[in-house]
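> The structure file model.pdb (PDB, C-alpha atoms and all ligand atoms) is provided below.
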```
ATOM      1  CA  MET A  25      81.922  88.516  37.911
ATOM      2  CA  ASN A  26      82.779  90.108  34.542
ATOM      3  CA  SER A  27      86.438  90.221  33.517
ATOM      4  CA  THR A  28      88.289  93.469  33.960
ATOM      5  CA  THR A  29      91.267  95.298  32.462
ATOM      6  CA  LEU A  30      94.261  96.469  34.489
ATOM      7  CA  ILE A  31      96.317  99.513  33.519
ATOM      8  CA  ILE A  32      99.793  99.442  35.071
ATOM      9  CA  GLY A  33     101.338 102.925  35.028
ATOM     10  CA  ALA A  34      97.901 104.547  34.812
ATOM     11  CA  CYS A  35      99.025 107.932  36.149
ATOM     12  CA  GLY A  36     101.561 108.770  33.435
ATOM     13  CA  GLN A  37     101.018 110.881  30.322
ATOM     14  CA  ILE A  38      99.492 108.112  28.172
ATOM     15  CA  GLY A  39      98.206 105.940  31.043
ATOM     16  CA  THR A  40      95.926 108.685  32.384
ATOM     17  CA  GLU A  41      94.114 109.343  29.129
ATOM     18  CA  LEU A  42      94.041 105.671  28.181
ATOM     19  CA  THR A  43      92.385 104.798  31.515
ATOM     20  CA  LEU A  44      89.811 107.590  31.189
ATOM     21  CA  LYS A  45      88.957 106.607  27.609
ATOM     22  CA  LEU A  46      88.692 102.880  28.426
ATOM     23  CA  ARG A  47      86.439 103.744  31.379
ATOM     24  CA  ALA A  48      84.243 105.895  29.114
ATOM     25  CA  VAL A  49      83.966 103.098  26.527
ATOM     26  CA  PHE A  50      83.803  99.935  28.672
ATOM     27  CA  GLY A  51      82.446 101.257  31.983
ATOM     28  CA  ASN A  52      84.261 102.641  35.026
ATOM     29  CA  GLU A  53      83.918  99.437  37.043
ATOM     30  CA  SER A  54      85.708  97.295  34.443
ATOM     31  CA  ILE A  55      88.939  99.328  34.252
ATOM     32  CA  ILE A  56      91.350  99.082  37.214
ATOM     33  CA  ALA A  57      93.999 101.817  37.367
ATOM     34  CA  SER A  58      97.314 101.196  39.125
ATOM     35  CA  ASP A  59     100.574 103.035  39.583
ATOM     36  CA  ILE A  60     103.403 103.508  42.060
ATOM     37  CA  LYS A  61     101.783 106.828  43.071
ATOM     38  CA  GLU A  62      98.334 108.427  42.886
ATOM     39  CA  GLY A  63      97.283 110.407  39.800
ATOM     40  CA  SER A  64      94.931 113.223  38.832
ATOM     41  CA  ASP A  65      91.600 113.756  40.647
ATOM     42  CA  GLU A  66      89.738 112.825  37.450
ATOM     43  CA  LEU A  67      91.531 109.486  37.292
ATOM     44  CA  MET A  68      91.332 108.755  41.031
ATOM     45  CA  ASN A  69      87.631 109.622  41.250
ATOM     46  CA  SER A  70      86.415 107.743  38.182
ATOM     47  CA  GLY A  71      87.089 104.162  39.262
ATOM     48  CA  VAL A  72      89.172 101.698  41.266
ATOM     49  CA  PHE A  73      92.831 102.583  41.876
ATOM     50  CA  GLU A  74      95.546 100.342  43.357
ATOM     51  CA  ILE A  75      99.076 101.278  44.364
ATOM     52  CA  LEU A  76     101.308  98.868  42.409
ATOM     53  CA  ASP A  77     105.031  98.482  41.815
ATOM     54  CA  ALA A  78     105.328  97.154  38.247
ATOM     55  CA  THR A  79     108.551  95.296  39.128
ATOM     56  CA  ASN A  80     106.792  93.138  41.739
ATOM     57  CA  LYS A  81     105.263  90.074  40.045
ATOM     58  CA  GLU A  82     103.467  88.814  43.163
ATOM     59  CA  ALA A  83     101.843  92.214  43.692
ATOM     60  CA  ILE A  84     100.637  92.262  40.059
ATOM     61  CA  LEU A  85      99.229  88.737  40.411
ATOM     62  CA  LYS A  86      97.433  89.679  43.648
ATOM     63  CA  ILE A  87      95.612  92.523  41.884
ATOM     64  CA  ILE A  88      94.837  90.328  38.854
ATOM     65  CA  LYS A  89      93.194  87.762  41.158
ATOM     66  CA  LYS A  90      91.452  90.343  43.343
ATOM     67  CA  HIS A  91      89.761  92.072  40.383
ATOM     68  CA  HIS A  92      89.413  89.093  37.984
ATOM     69  CA  VAL A  93      91.674  90.851  35.483
ATOM     70  CA  ASP A  94      91.765  89.453  31.967
ATOM     71  CA  LYS A  95      93.745  92.088  29.992
ATOM     72  CA  VAL A  96      96.737  94.192  31.007
ATOM     73  CA  TYR A  97      98.020  97.441  29.507
ATOM     74  CA  LEU A  98     101.580  97.815  30.825
ATOM     75  CA  MET A  99     102.270 101.548  30.487
ATOM     76  CA  ALA A 100     104.945 101.930  33.213
ATOM     77  CA  ALA A 101     108.336 102.854  31.723
ATOM     78  CA  MET A 102     111.368 105.059  32.190
ATOM     79  CA  LEU A 103     111.732 107.281  29.099
ATOM     80  CA  SER A 104     114.778 108.215  27.053
ATOM     81  CA  VAL A 105     116.288 111.144  28.982
ATOM     82  CA  THR A 106     115.832 109.719  32.495
ATOM     83  CA  ALA A 107     117.013 106.295  31.331
ATOM     84  CA  GLU A 108     120.365 107.793  30.241
ATOM     85  CA  LYS A 109     120.821 109.038  33.835
ATOM     86  CA  TYR A 110     119.739 105.784  35.524
ATOM     87  CA  PRO A 111     120.549 102.884  33.150
ATOM     88  CA  ASP A 112     120.212 100.150  35.818
ATOM     89  CA  LYS A 113     116.878 101.408  37.075
ATOM     90  CA  ALA A 114     115.604 101.856  33.514
ATOM     91  CA  TRP A 115     116.553  98.304  32.579
ATOM     92  CA  ASP A 116     115.000  96.973  35.796
ATOM     93  CA  LEU A 117     111.683  98.789  35.307
ATOM     94  CA  ASN A 118     111.359  98.504  31.536
ATOM     95  CA  MET A 119     112.389  94.838  31.273
ATOM     96  CA  ASN A 120     111.257  93.187  34.504
ATOM     97  CA  SER A 121     107.757  94.658  34.383
ATOM     98  CA  LEU A 122     107.414  93.280  30.842
ATOM     99  CA  PHE A 123     108.759  89.846  31.846
ATOM    100  CA  HIS A 124     106.303  89.661  34.747
ATOM    101  CA  VAL A 125     103.304  90.487  32.582
ATOM    102  CA  LEU A 126     104.398  88.163  29.749
ATOM    103  CA  ASN A 127     104.918  85.342  32.262
ATOM    104  CA  LEU A 128     101.499  85.995  33.839
ATOM    105  CA  ALA A 129     100.008  85.644  30.347
ATOM    106  CA  LYS A 130     102.059  82.491  29.696
ATOM    107  CA  GLU A 131     100.755  81.073  33.000
ATOM    108  CA  LYS A 132      97.202  81.894  31.769
ATOM    109  CA  HIS A 133      96.365  84.397  34.513
ATOM    110  CA  ILE A 134      95.528  86.918  31.753
ATOM    111  CA  SER A 135      94.656  86.501  28.089
ATOM    112  CA  LYS A 136      95.839  89.698  26.365
ATOM    113  CA  VAL A 137      98.627  92.241  26.881
ATOM    114  CA  PHE A 138      99.416  95.693  25.499
ATOM    115  CA  TRP A 139     102.977  96.911  25.859
ATOM    116  CA  PRO A 140     104.252 100.162  24.331
ATOM    117  CA  SER A 141     107.372 100.217  22.222
ATOM    118  CA  SER A 142     108.829 103.423  20.768
ATOM    119  CA  ILE A 143     110.541 105.037  17.788
ATOM    120  CA  ALA A 144     113.574 104.766  20.109
ATOM    121  CA  VAL A 145     114.149 101.210  18.760
ATOM    122  CA  PHE A 146     115.619 102.913  15.681
ATOM    123  CA  GLY A 147     119.123 104.341  15.590
ATOM    124  CA  ASN A 148     121.693 106.192  13.521
ATOM    125  CA  THR A 149     121.903 103.399  10.935
ATOM    126  CA  THR A 150     118.119 103.288  10.328
ATOM    127  CA  PRO A 151     116.757 105.023   7.191
ATOM    128  CA  ARG A 152     115.504 108.319   8.611
ATOM    129  CA  ILE A 153     112.768 109.292   6.186
ATOM    130  CA  ASN A 154     109.597 107.205   6.106
ATOM    131  CA  THR A 155     111.277 104.575   8.289
ATOM    132  CA  PRO A 156     109.938 101.145   7.260
ATOM    133  CA  GLN A 157     108.219  98.664   9.572
ATOM    134  CA  GLU A 158     111.071  96.216   9.136
ATOM    135  CA  THR A 159     114.475  97.844   8.961
ATOM    136  CA  ILE A 160     117.795  98.231  10.766
ATOM    137  CA  THR A 161     117.253  98.643  14.513
ATOM    138  CA  GLU A 162     120.489  99.596  16.243
ATOM    139  CA  PRO A 163     119.402 101.936  19.048
ATOM    140  CA  SER A 164     122.063 104.006  20.793
ATOM    141  CA  THR A 165     120.087 104.870  23.948
ATOM    142  CA  VAL A 166     119.413 102.874  27.124
ATOM    143  CA  TYR A 167     115.687 103.362  26.574
ATOM    144  CA  GLY A 168     115.910 102.265  22.932
ATOM    145  CA  ILE A 169     117.870  99.144  23.861
ATOM    146  CA  SER A 170     115.216  98.203  26.427
ATOM    147  CA  LYS A 171     112.401  98.777  23.922
ATOM    148  CA  LEU A 172     114.118  96.726  21.209
ATOM    149  CA  ALA A 173     114.793  93.873  23.668
ATOM    150  CA  GLY A 174     111.148  94.123  24.756
ATOM    151  CA  GLU A 175     109.947  93.802  21.166
ATOM    152  CA  ARG A 176     112.025  90.672  20.697
ATOM    153  CA  TRP A 177     110.638  89.171  23.927
ATOM    154  CA  CYS A 178     107.049  89.922  22.821
ATOM    155  CA  ASP A 179     107.722  88.129  19.553
ATOM    156  CA  TYR A 180     109.327  85.213  21.427
ATOM    157  CA  TYR A 181     106.420  84.829  23.864
ATOM    158  CA  TYR A 182     103.951  84.953  20.992
ATOM    159  CA  ASN A 183     105.831  82.319  18.962
ATOM    160  CA  HIS A 184     106.757  79.969  21.808
ATOM    161  CA  PHE A 185     103.868  80.344  24.255
ATOM    162  CA  ASN A 186     101.093  81.822  22.100
ATOM    163  CA  VAL A 187     100.902  84.922  24.301
ATOM    164  CA  ASP A 188      98.645  87.543  22.679
ATOM    165  CA  VAL A 189     100.795  90.638  23.196
ATOM    166  CA  ARG A 190     100.298  93.707  21.045
ATOM    167  CA  SER A 191     102.465  96.764  20.690
ATOM    168  CA  ILE A 192     102.919 100.108  18.996
ATOM    169  CA  ARG A 193     106.118 102.066  18.403
ATOM    170  CA  TYR A 194     104.849 105.350  19.829
ATOM    171  CA  PRO A 195     106.347 108.532  18.425
ATOM    172  CA  GLY A 196     106.354 111.710  20.578
ATOM    173  CA  ILE A 197     102.880 112.162  22.100
ATOM    174  CA  ILE A 198     101.386 115.633  22.511
ATOM    175  CA  SER A 199      98.720 116.168  25.152
ATOM    176  CA  TRP A 200      97.414 118.695  27.667
ATOM    177  CA  LYS A 201      95.922 116.629  30.541
ATOM    178  CA  THR A 202      99.032 115.065  32.057
ATOM    179  CA  LEU A 203     102.613 116.183  31.536
ATOM    180  CA  PRO A 204     105.109 113.760  30.022
ATOM    181  CA  GLY A 205     108.255 113.124  32.056
ATOM    182  CA  GLY A 206     111.805 112.326  31.090
ATOM    183  CA  GLY A 207     111.446 112.036  27.306
ATOM    184  CA  THR A 208     113.233 113.714  24.401
ATOM    185  CA  THR A 209     109.990 114.595  22.627
ATOM    186  CA  ASP A 210     108.677 116.339  25.802
ATOM    187  CA  TYR A 211     109.698 119.698  24.298
ATOM    188  CA  ALA A 212     106.647 119.533  22.048
ATOM    189  CA  VAL A 213     104.364 119.620  25.121
ATOM    190  CA  ASP A 214     106.464 121.985  27.226
ATOM    191  CA  ILE A 215     106.527 124.575  24.427
ATOM    192  CA  PHE A 216     102.735 125.048  24.743
ATOM    193  CA  HIS A 217     102.840 125.527  28.514
ATOM    194  CA  LYS A 218     105.667 128.072  28.267
ATOM    195  CA  ALA A 219     104.068 129.876  25.310
ATOM    196  CA  ILE A 220     100.859 130.380  27.313
ATOM    197  CA  GLU A 221     102.553 131.171  30.650
ATOM    198  CA  THR A 222     105.458 133.377  29.504
ATOM    199  CA  ASN A 223     105.239 133.875  25.693
ATOM    200  CA  ASN A 224     108.729 132.419  25.543
ATOM    201  CA  TYR A 225     110.359 129.028  25.176
ATOM    202  CA  THR A 226     113.985 127.924  25.201
ATOM    203  CA  CYS A 227     114.247 124.755  23.187
ATOM    204  CA  PHE A 228     116.882 122.089  23.877
ATOM    205  CA  LEU A 229     116.740 120.807  20.276
ATOM    206  CA  LYS A 230     117.891 122.573  17.099
ATOM    207  CA  GLU A 231     115.193 124.362  15.117
ATOM    208  CA  ASP A 232     115.289 121.890  12.209
ATOM    209  CA  THR A 233     115.119 118.642  14.257
ATOM    210  CA  ASN A 234     112.257 116.715  12.670
ATOM    211  CA  LEU A 235     110.638 114.025  14.803
ATOM    212  CA  PRO A 236     107.527 111.859  14.334
ATOM    213  CA  MET A 237     104.690 113.007  16.600
ATOM    214  CA  LEU A 238     101.067 112.169  17.370
ATOM    215  CA  TYR A 239      98.259 113.916  19.203
ATOM    216  CA  MET A 240      97.041 112.042  22.293
ATOM    217  CA  GLU A 241      93.547 111.415  20.945
ATOM    218  CA  ASP A 242      95.057 109.627  17.933
ATOM    219  CA  ALA A 243      97.493 107.649  20.124
ATOM    220  CA  ILE A 244      94.658 106.411  22.363
ATOM    221  CA  LYS A 245      92.543 105.472  19.350
ATOM    222  CA  ALA A 246      95.475 103.500  17.897
ATOM    223  CA  THR A 247      96.041 101.663  21.180
ATOM    224  CA  ILE A 248      92.412 100.664  21.717
ATOM    225  CA  ASP A 249      91.837  99.803  18.041
ATOM    226  CA  LEU A 250      94.909  97.552  18.002
ATOM    227  CA  MET A 251      93.724  95.718  21.137
ATOM    228  CA  GLN A 252      90.232  95.273  19.682
ATOM    229  CA  SER A 253      91.346  94.172  16.208
ATOM    230  CA  ASP A 254      91.115  90.586  14.984
ATOM    231  CA  LYS A 255      93.340  91.297  11.965
ATOM    232  CA  ILE A 256      96.764  91.391  13.564
ATOM    233  CA  ASN A 257      99.781  90.212  11.559
ATOM    234  CA  ASN A 258     102.482  91.519  13.821
ATOM    235  CA  TYR A 259     103.052  90.560  17.469
ATOM    236  CA  THR A 260     106.233  92.594  17.778
ATOM    237  CA  ALA A 261     105.276  96.289  17.446
ATOM    238  CA  TYR A 262     103.556  98.329  14.767
ATOM    239  CA  ASN A 263     104.993 101.530  13.334
ATOM    240  CA  ILE A 264     102.455 104.298  13.607
ATOM    241  CA  GLY A 265     103.164 107.712  12.189
ATOM    242  CA  GLY A 266     100.876 110.606  11.861
ATOM    243  CA  ILE A 267     102.753 113.807  11.634
ATOM    244  CA  SER A 268     106.325 115.015  11.763
ATOM    245  CA  PHE A 269     107.531 118.462  12.630
ATOM    246  CA  ASN A 270     110.475 120.387  14.025
ATOM    247  CA  PRO A 271     110.643 123.059  16.766
ATOM    248  CA  MET A 272     110.596 125.908  14.230
ATOM    249  CA  GLN A 273     107.413 124.586  12.592
ATOM    250  CA  ILE A 274     105.519 124.121  15.855
ATOM    251  CA  ALA A 275     106.648 127.588  17.007
ATOM    252  CA  THR A 276     105.272 129.058  13.762
ATOM    253  CA  GLU A 277     101.908 127.380  14.413
ATOM    254  CA  ILE A 278     101.810 128.623  18.014
ATOM    255  CA  LYS A 279     102.567 132.194  16.822
ATOM    256  CA  LYS A 280      99.358 132.142  14.768
ATOM    257  CA  HIS A 281      97.475 131.988  18.108
ATOM    258  CA  ILE A 282      99.957 133.845  20.334
ATOM    259  CA  PRO A 283     101.681 136.454  18.092
ATOM    260  CA  GLU A 284     104.023 137.606  20.926
ATOM    261  CA  PHE A 285     105.458 134.092  21.293
ATOM    262  CA  LYS A 286     109.225 133.804  20.864
ATOM    263  CA  ILE A 287     111.380 130.688  20.684
ATOM    264  CA  ASN A 288     115.116 130.544  21.263
ATOM    265  CA  TYR A 289     117.507 127.634  21.325
ATOM    266  CA  HIS A 290     119.934 126.242  23.881
ATOM    267  CA  VAL A 291     120.871 122.846  22.531
ATOM    268  CA  ASP A 292     121.990 120.169  25.008
ATOM    269  CA  PHE A 293     122.736 116.394  25.169
ATOM    270  CA  ARG A 294     119.165 115.557  24.167
ATOM    271  CA  GLN A 295     120.006 116.624  20.599
ATOM    272  CA  GLU A 296     122.111 113.482  20.197
ATOM    273  CA  ILE A 297     119.151 111.303  21.202
ATOM    274  CA  ALA A 298     116.817 113.111  18.787
ATOM    275  CA  ASP A 299     119.390 112.877  15.992
ATOM    276  CA  SER A 300     119.422 109.083  16.319
ATOM    277  CA  TRP A 301     115.652 108.825  15.763
ATOM    278  CA  PRO A 302     113.695 108.935  12.486
ATOM    279  CA  ASP A 303     112.320 112.084  10.851
ATOM    280  CA  SER A 304     109.146 110.324   9.753
ATOM    281  CA  ILE A 305     107.556 106.862   9.924
ATOM    282  CA  ASP A 306     106.039 104.533   7.338
ATOM    283  CA  ASP A 307     102.948 103.096   9.039
ATOM    284  CA  SER A 308     101.391 101.391   6.015
ATOM    285  CA  GLN A 309     101.267  97.977   7.736
ATOM    286  CA  ALA A 310      99.128  99.355  10.578
ATOM    287  CA  ARG A 311      96.930 101.113   8.000
ATOM    288  CA  GLU A 312      96.472  97.868   6.059
ATOM    289  CA  ASP A 313      96.100  95.438   8.989
ATOM    290  CA  TRP A 314      93.774  97.300  11.357
ATOM    291  CA  ASN A 315      92.756 100.442   9.479
ATOM    292  CA  TRP A 316      94.938 102.842  11.403
ATOM    293  CA  PHE A 317      94.586 106.504  10.425
ATOM    294  CA  HIS A 318      95.292 109.729  12.266
ATOM    295  CA  LYS A 319      93.007 112.702  12.585
ATOM    296  CA  TYR A 320      95.142 115.534  13.963
ATOM    297  CA  ASP A 321      97.656 117.467  11.866
ATOM    298  CA  ILE A 322      99.959 120.166  13.273
ATOM    299  CA  GLU A 323      97.310 122.895  12.865
ATOM    300  CA  ALA A 324      94.517 120.933  14.542
ATOM    301  CA  LEU A 325      96.632 119.803  17.481
ATOM    302  CA  THR A 326      98.023 123.299  18.068
ATOM    303  CA  LYS A 327      94.519 124.754  18.146
ATOM    304  CA  ASP A 328      93.292 122.061  20.546
ATOM    305  CA  MET A 329      96.312 122.350  22.863
ATOM    306  CA  ILE A 330      95.987 126.116  23.144
ATOM    307  CA  LYS A 331      92.231 125.948  23.683
ATOM    308  CA  ASN A 332      92.594 123.405  26.492
ATOM    309  CA  LEU A 333      95.608 124.976  28.199
ATOM    310  CA  THR A 334      94.320 128.555  28.168
ATOM    311  CA  PRO A 335      91.868 128.894  31.091
ATOM    312  CA  SER A 336      90.186 132.066  29.762
ATOM    313  CA  LEU A 337      89.355 130.385  26.464
ATOM    314  CA  GLU A 338      87.630 127.438  28.123
ATOM    315  CA  THR A 339      84.541 129.504  28.896
ATOM    316  CA  ILE A 340      84.244 131.181  25.465
TER     317      ILE A 340
HETATM  318  C1  LIG B   1     110.754 109.806  24.595
HETATM  319  O1  LIG B   1     110.973 110.914  24.085
HETATM  320  O2  LIG B   1     111.580 109.198  25.288
HETATM  321  C2  LIG B   1     109.427 109.137  24.340
HETATM  322  C3  LIG B   1     109.433 108.231  23.155
HETATM  323  C4  LIG B   1     109.626 108.776  21.801
HETATM  324  O3  LIG B   1     109.262 107.056  23.301
HETATM  325  N1  LIG B   1     108.413 110.140  24.166
END
```
If you convert what's in this file into C-alpha cells, what do you get?


Amino acid sequence: MNSTTLIIGACGQIGTELTLKLRAVFGNESIIASDIKEGSDELMNSGVFEILDATNKEAILKIIKKHHVDKVYLMAAMLSVTAEKYPDKAWDLNMNSLFHVLNLAKEKHISKVFWPSSIAVFGNTTPRINTPQETITEPSTVYGISKLAGERWCDYYYNHFNVDVRSIRYPGIISWKTLPGGGTTDYAVDIFHKAIETNNYTCFLKEDTNLPMLYMEDAIKATIDLMQSDKINNYTAYNIGGISFNPMQIATEIKKHIPEFKINYHVDFRQEIADSWPDSIDDSQAREDWNWFHKYDIEALTKDMIKNLTPSLETI
C-alpha cells in the first residue's frame, strides 16, 4: 500500500484548507484527516476522517499503523486568546501533541513532520519592524511560550535524532472557508463577516495596530512548498511575511466594496497581546532557501474575501 499523510487538527481554520489542498494535489485517498470533532461537509465527504485526540500518543500511533502514514502535519493547537484563559490546557495540548509526534518520528513510525509555529514567539523586546529570522524571542503570552519551547524541541530532535521536522512562524491568517478560533488576529476575519452581515464592526484592537498577515492561499502554498523542498537550512521555524496592515487600513479597503461599512473601536485585553507582536516580518531566509513568495496583497485578499462571503455575488 502507498504511504499516506495524516493531518492532526484537520477541522481548524488552516487544517481544513490544508487537507483539501493536499487531497486535490496528492489524491483524496492518500490524505487522512483527523480531529477531536468532525469538520465541514466538504472535508468530511472528500476522504477518510478519524476522530483523534492529539494528546493521546497511542491513539496517534494506531491511526499511523492503520493507514500506513508516513508524514504528519500537526495542526492542533490552542491559540493566543484561549491559551491566556486556560494556560494548563494550552500547555498540555500544544506541547504534548508535539512531543508525541516528534517521538513517533524518532521511533521511525513516520519520516517527516510539519508543525506550525507563530509570530507569537516574539515579544516586547523583539525589533518590531521587519523582525529578523534570528532575533530576541521573549514571548509574554502562554501561547507564545509554548510555540517558542516547541521550536527549541524541533531543533533538538533534528540535531539529536535526525527528525525531519519543518515549521513556519505563521502570522495572522485570513480566510473565508473556516472561521479561526481563539486568536488575536481573528479580528481580520471577523471584520469581513460583520461588514457583510451588518455593515458594522466593533474592533477590539486600536486602529493603528499593525500586524503581519497572510491570505490562506499563500499560507497553504508556503506549508506545502516547505514540506516538498529539498533546500532546507532551518529545522526550527521559518519567518514568513507577506503583508502587514492595521484595522483602519483593512476597514478602508472593505469600504471600497461596501461603502456603508463603519468600524468603531472597543479595545480590550487582546491589545496587550497584539502590542507584543511584530509589525512586519523579514522572511528573506524563506525566500532564499525555498523560493517563498506571496501572491495576495491587502487589495487582492479583500476582493476575494468579499466575493466568497457574499452569497449574491457568487452567481454573478
Ligand atoms: C493568534 O492570533 O493567536 C494566531 C497566531 C498569530 O498564531 N493567529

> Do you know which residues are at most 9 Å from Ala173 (chain A) counting all atoms listed in the file, after dropping those on the same chain fewer than 4 positions away, and could you put them as an NGL selection string?

:A and (119 or 145 or 168-169 or 177-178)

> Take the residues from that selection and write them out as a PDB file, in the frame of the given file, keeping C-alpha atoms.


```
ATOM      1  CA  MET A 119     112.389  94.838  31.273  1.00  0.00           C
ATOM      2  CA  VAL A 145     114.149 101.210  18.760  1.00  0.00           C
ATOM      3  CA  GLY A 168     115.910 102.265  22.932  1.00  0.00           C
ATOM      4  CA  ILE A 169     117.870  99.144  23.861  1.00  0.00           C
ATOM      5  CA  TRP A 177     110.638  89.171  23.927  1.00  0.00           C
ATOM      6  CA  CYS A 178     107.049  89.922  22.821  1.00  0.00           C
TER       7      CYS A 178
END
```

> Can you build me a table of chain A residues sitting at most 9 Å from ligand LIG 1 (chain B), with the closest atom pair per residue and its distance in Å to one decimal, using all atoms listed in the file, sorted by chain and residue number, as JSON lines?


```
{"residue": "A:Met102", "atom": "CA", "partner": "B:LIG1", "partner_atom": "O2", "distance": 8.1}
{"residue": "A:Leu103", "atom": "CA", "partner": "B:LIG1", "partner_atom": "O2", "distance": 4.3}
{"residue": "A:Ser104", "atom": "CA", "partner": "B:LIG1", "partner_atom": "O2", "distance": 3.8}
{"residue": "A:Val105", "atom": "CA", "partner": "B:LIG1", "partner_atom": "O2", "distance": 6.3}
{"residue": "A:Thr106", "atom": "CA", "partner": "B:LIG1", "partner_atom": "O2", "distance": 8.4}
{"residue": "A:Ala107", "atom": "CA", "partner": "B:LIG1", "partner_atom": "O2", "distance": 8.6}
{"residue": "A:Pro140", "atom": "CA", "partner": "B:LIG1", "partner_atom": "O3", "distance": 8.6}
{"residue": "A:Ser141", "atom": "CA", "partner": "B:LIG1", "partner_atom": "O3", "distance": 7.2}
{"residue": "A:Ser142", "atom": "CA", "partner": "B:LIG1", "partner_atom": "O3", "distance": 4.4}
{"residue": "A:Ile143", "atom": "CA", "partner": "B:LIG1", "partner_atom": "C4", "distance": 5.6}
{"residue": "A:Ala144", "atom": "CA", "partner": "B:LIG1", "partner_atom": "O3", "distance": 5.8}
{"residue": "A:Val145", "atom": "CA", "partner": "B:LIG1", "partner_atom": "O3", "distance": 8.9}
{"residue": "A:Tyr167", "atom": "CA", "partner": "B:LIG1", "partner_atom": "O2", "distance": 7.3}
{"residue": "A:Gly168", "atom": "CA", "partner": "B:LIG1", "partner_atom": "O3", "distance": 8.2}
{"residue": "A:Lys171", "atom": "CA", "partner": "B:LIG1", "partner_atom": "O3", "distance": 8.9}
{"residue": "A:Arg193", "atom": "CA", "partner": "B:LIG1", "partner_atom": "O3", "distance": 7.7}
{"residue": "A:Tyr194", "atom": "CA", "partner": "B:LIG1", "partner_atom": "O3", "distance": 5.9}
{"residue": "A:Pro195", "atom": "CA", "partner": "B:LIG1", "partner_atom": "C4", "distance": 4.7}
{"residue": "A:Gly196", "atom": "CA", "partner": "B:LIG1", "partner_atom": "N1", "distance": 4.4}
{"residue": "A:Ile197", "atom": "CA", "partner": "B:LIG1", "partner_atom": "N1", "distance": 6.2}
{"residue": "A:Pro204", "atom": "CA", "partner": "B:LIG1", "partner_atom": "N1", "distance": 7.6}
{"residue": "A:Gly205", "atom": "CA", "partner": "B:LIG1", "partner_atom": "N1", "distance": 8.4}
{"residue": "A:Gly206", "atom": "CA", "partner": "B:LIG1", "partner_atom": "O2", "distance": 6.6}
{"residue": "A:Gly207", "atom": "CA", "partner": "B:LIG1", "partner_atom": "O1", "distance": 3.4}
{"residue": "A:Thr208", "atom": "CA", "partner": "B:LIG1", "partner_atom": "O1", "distance": 3.6}
{"residue": "A:Thr209", "atom": "CA", "partner": "B:LIG1", "partner_atom": "O1", "distance": 4.1}
{"residue": "A:Asp210", "atom": "CA", "partner": "B:LIG1", "partner_atom": "O1", "distance": 6.1}
{"residue": "A:Tyr211", "atom": "CA", "partner": "B:LIG1", "partner_atom": "O1", "distance": 8.9}
{"residue": "A:Leu235", "atom": "CA", "partner": "B:LIG1", "partner_atom": "C4", "distance": 8.8}
{"residue": "A:Pro236", "atom": "CA", "partner": "B:LIG1", "partner_atom": "C4", "distance": 8.3}
{"residue": "A:Met237", "atom": "CA", "partner": "B:LIG1", "partner_atom": "C4", "distance": 8.3}
{"residue": "A:Ile297", "atom": "CA", "partner": "B:LIG1", "partner_atom": "O1", "distance": 8.7}
{"residue": "A:Ala298", "atom": "CA", "partner": "B:LIG1", "partner_atom": "O1", "distance": 8.2}
{"residue": "A:Trp301", "atom": "CA", "partner": "B:LIG1", "partner_atom": "C4", "distance": 8.5}
```

> Within 8 Å of region 63-67 of chain A, counting all atoms listed in the file, which residues show up once you throw out same-chain ones fewer than 3 positions away? Write them as a list in words, please.

Ala34, Cys35, Gly36, Thr40, Thr43, Leu44, Ser70 and Gly71 of chain A

> Ranking A:Phe285, A:Phe185, A:Tyr97, A:Tyr110 by minimum distance to Lys132 (chain A) and counting all atoms listed in the file, which one comes first?

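Smallest distance to Lys132 (chain A) is found for A:Phe185.
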
> Which of these residues is nearest to Leu98 (chain A), using only C-alpha atoms: A:Ile32, A:Ala57, A:Leu42, A:Ile134?

A:Ile32

> Write out as an mmCIF file with C-alpha atoms, in the frame of the given file each polymer residue whose atoms come within 10 Å of Asp214 (chain A), counting all atoms listed in the file; drop sequence neighbours fewer than 3 positions from it.


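Once everything was written out, this is part-v1.cif:
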```cif
data_model
loop_
_atom_site.group_PDB
_atom_site.id
_atom_site.type_symbol
_atom_site.label_atom_id
_atom_site.label_comp_id
_atom_site.auth_asym_id
_atom_site.auth_seq_id
_atom_site.Cartn_x
_atom_site.Cartn_y
_atom_site.Cartn_z
ATOM 1 C CA ILE A 198 101.386 115.633 22.511
ATOM 2 C CA SER A 199 98.720 116.168 25.152
ATOM 3 C CA TRP A 200 97.414 118.695 27.667
ATOM 4 C CA LEU A 203 102.613 116.183 31.536
ATOM 5 C CA PRO A 204 105.109 113.760 30.022
ATOM 6 C CA THR A 209 109.990 114.595 22.627
ATOM 7 C CA ASP A 210 108.677 116.339 25.802
ATOM 8 C CA TYR A 211 109.698 119.698 24.298
ATOM 9 C CA HIS A 217 102.840 125.527 28.514
ATOM 10 C CA LYS A 218 105.667 128.072 28.267
ATOM 11 C CA ALA A 219 104.068 129.876 25.310
ATOM 12 C CA TYR A 225 110.359 129.028 25.176
ATOM 13 C CA THR A 226 113.985 127.924 25.201
ATOM 14 C CA CYS A 227 114.247 124.755 23.187
#
```

> Please write the residues picked by the PyMOL selection byres (((chain A and resi 74-86) around 8) and not hetatm) on this file as number ranges by chain.

A: 32-33, 56-62, 72-73, 87-90, 100, 116-117, 120-121, 124-125, 128, 133

> So how many Å separate CA of Gly39 (chain A) and CA of His318 (chain A), to one decimal?

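These two atoms are separated by 19.4 Å.
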
> I'd like the box whose edges run along x, y and z of the file and which contains every listed atom of region 119-134 of chain A, padded by 5 Å per side; could you state its centre and edge lengths in Å, one decimal, as AutoDock Vina command-line options?


```
--center_x 104.0 --center_y 88.0 --center_z 32.2 --size_x 26.9 --size_y 23.8 --size_z 15.1
```

> Give me, as a list in words, all polymer residues having an atom no more than 7 Å from Ile305 (chain A), counting all atoms listed in the file and skipping those fewer than 5 positions away in the same chain.

Ile153, Asn154, Thr155, Pro156, Pro236, Asn263, Ile264 and Gly265 of chain A

> Using all atoms listed in the file, which of the listed residues (A:Ala243, A:Val166, A:Met251, A:Ile267) sits closest to Lys109 (chain A)?

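The shortest atom-to-atom distance to Lys109 (chain A) comes from A:Val166.
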
> Name every residue that the PyMOL selection byres (((chain A and resi 262) around 8) and not hetatm) selects in this structure, writing the answer as a VMD selection string with chains first and numbers rising.

chain A and resid 157 191 to 193 258 260 to 261 263 to 264 307 309 to 310

> Kindly indicate which residue among A:Ala324, A:Ile215, A:Met240, A:Ala246 lies nearest to Lys201 (chain A), using only C-alpha atoms for the distances.

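For Lys201 (chain A), the nearest of the candidates is A:Met240.
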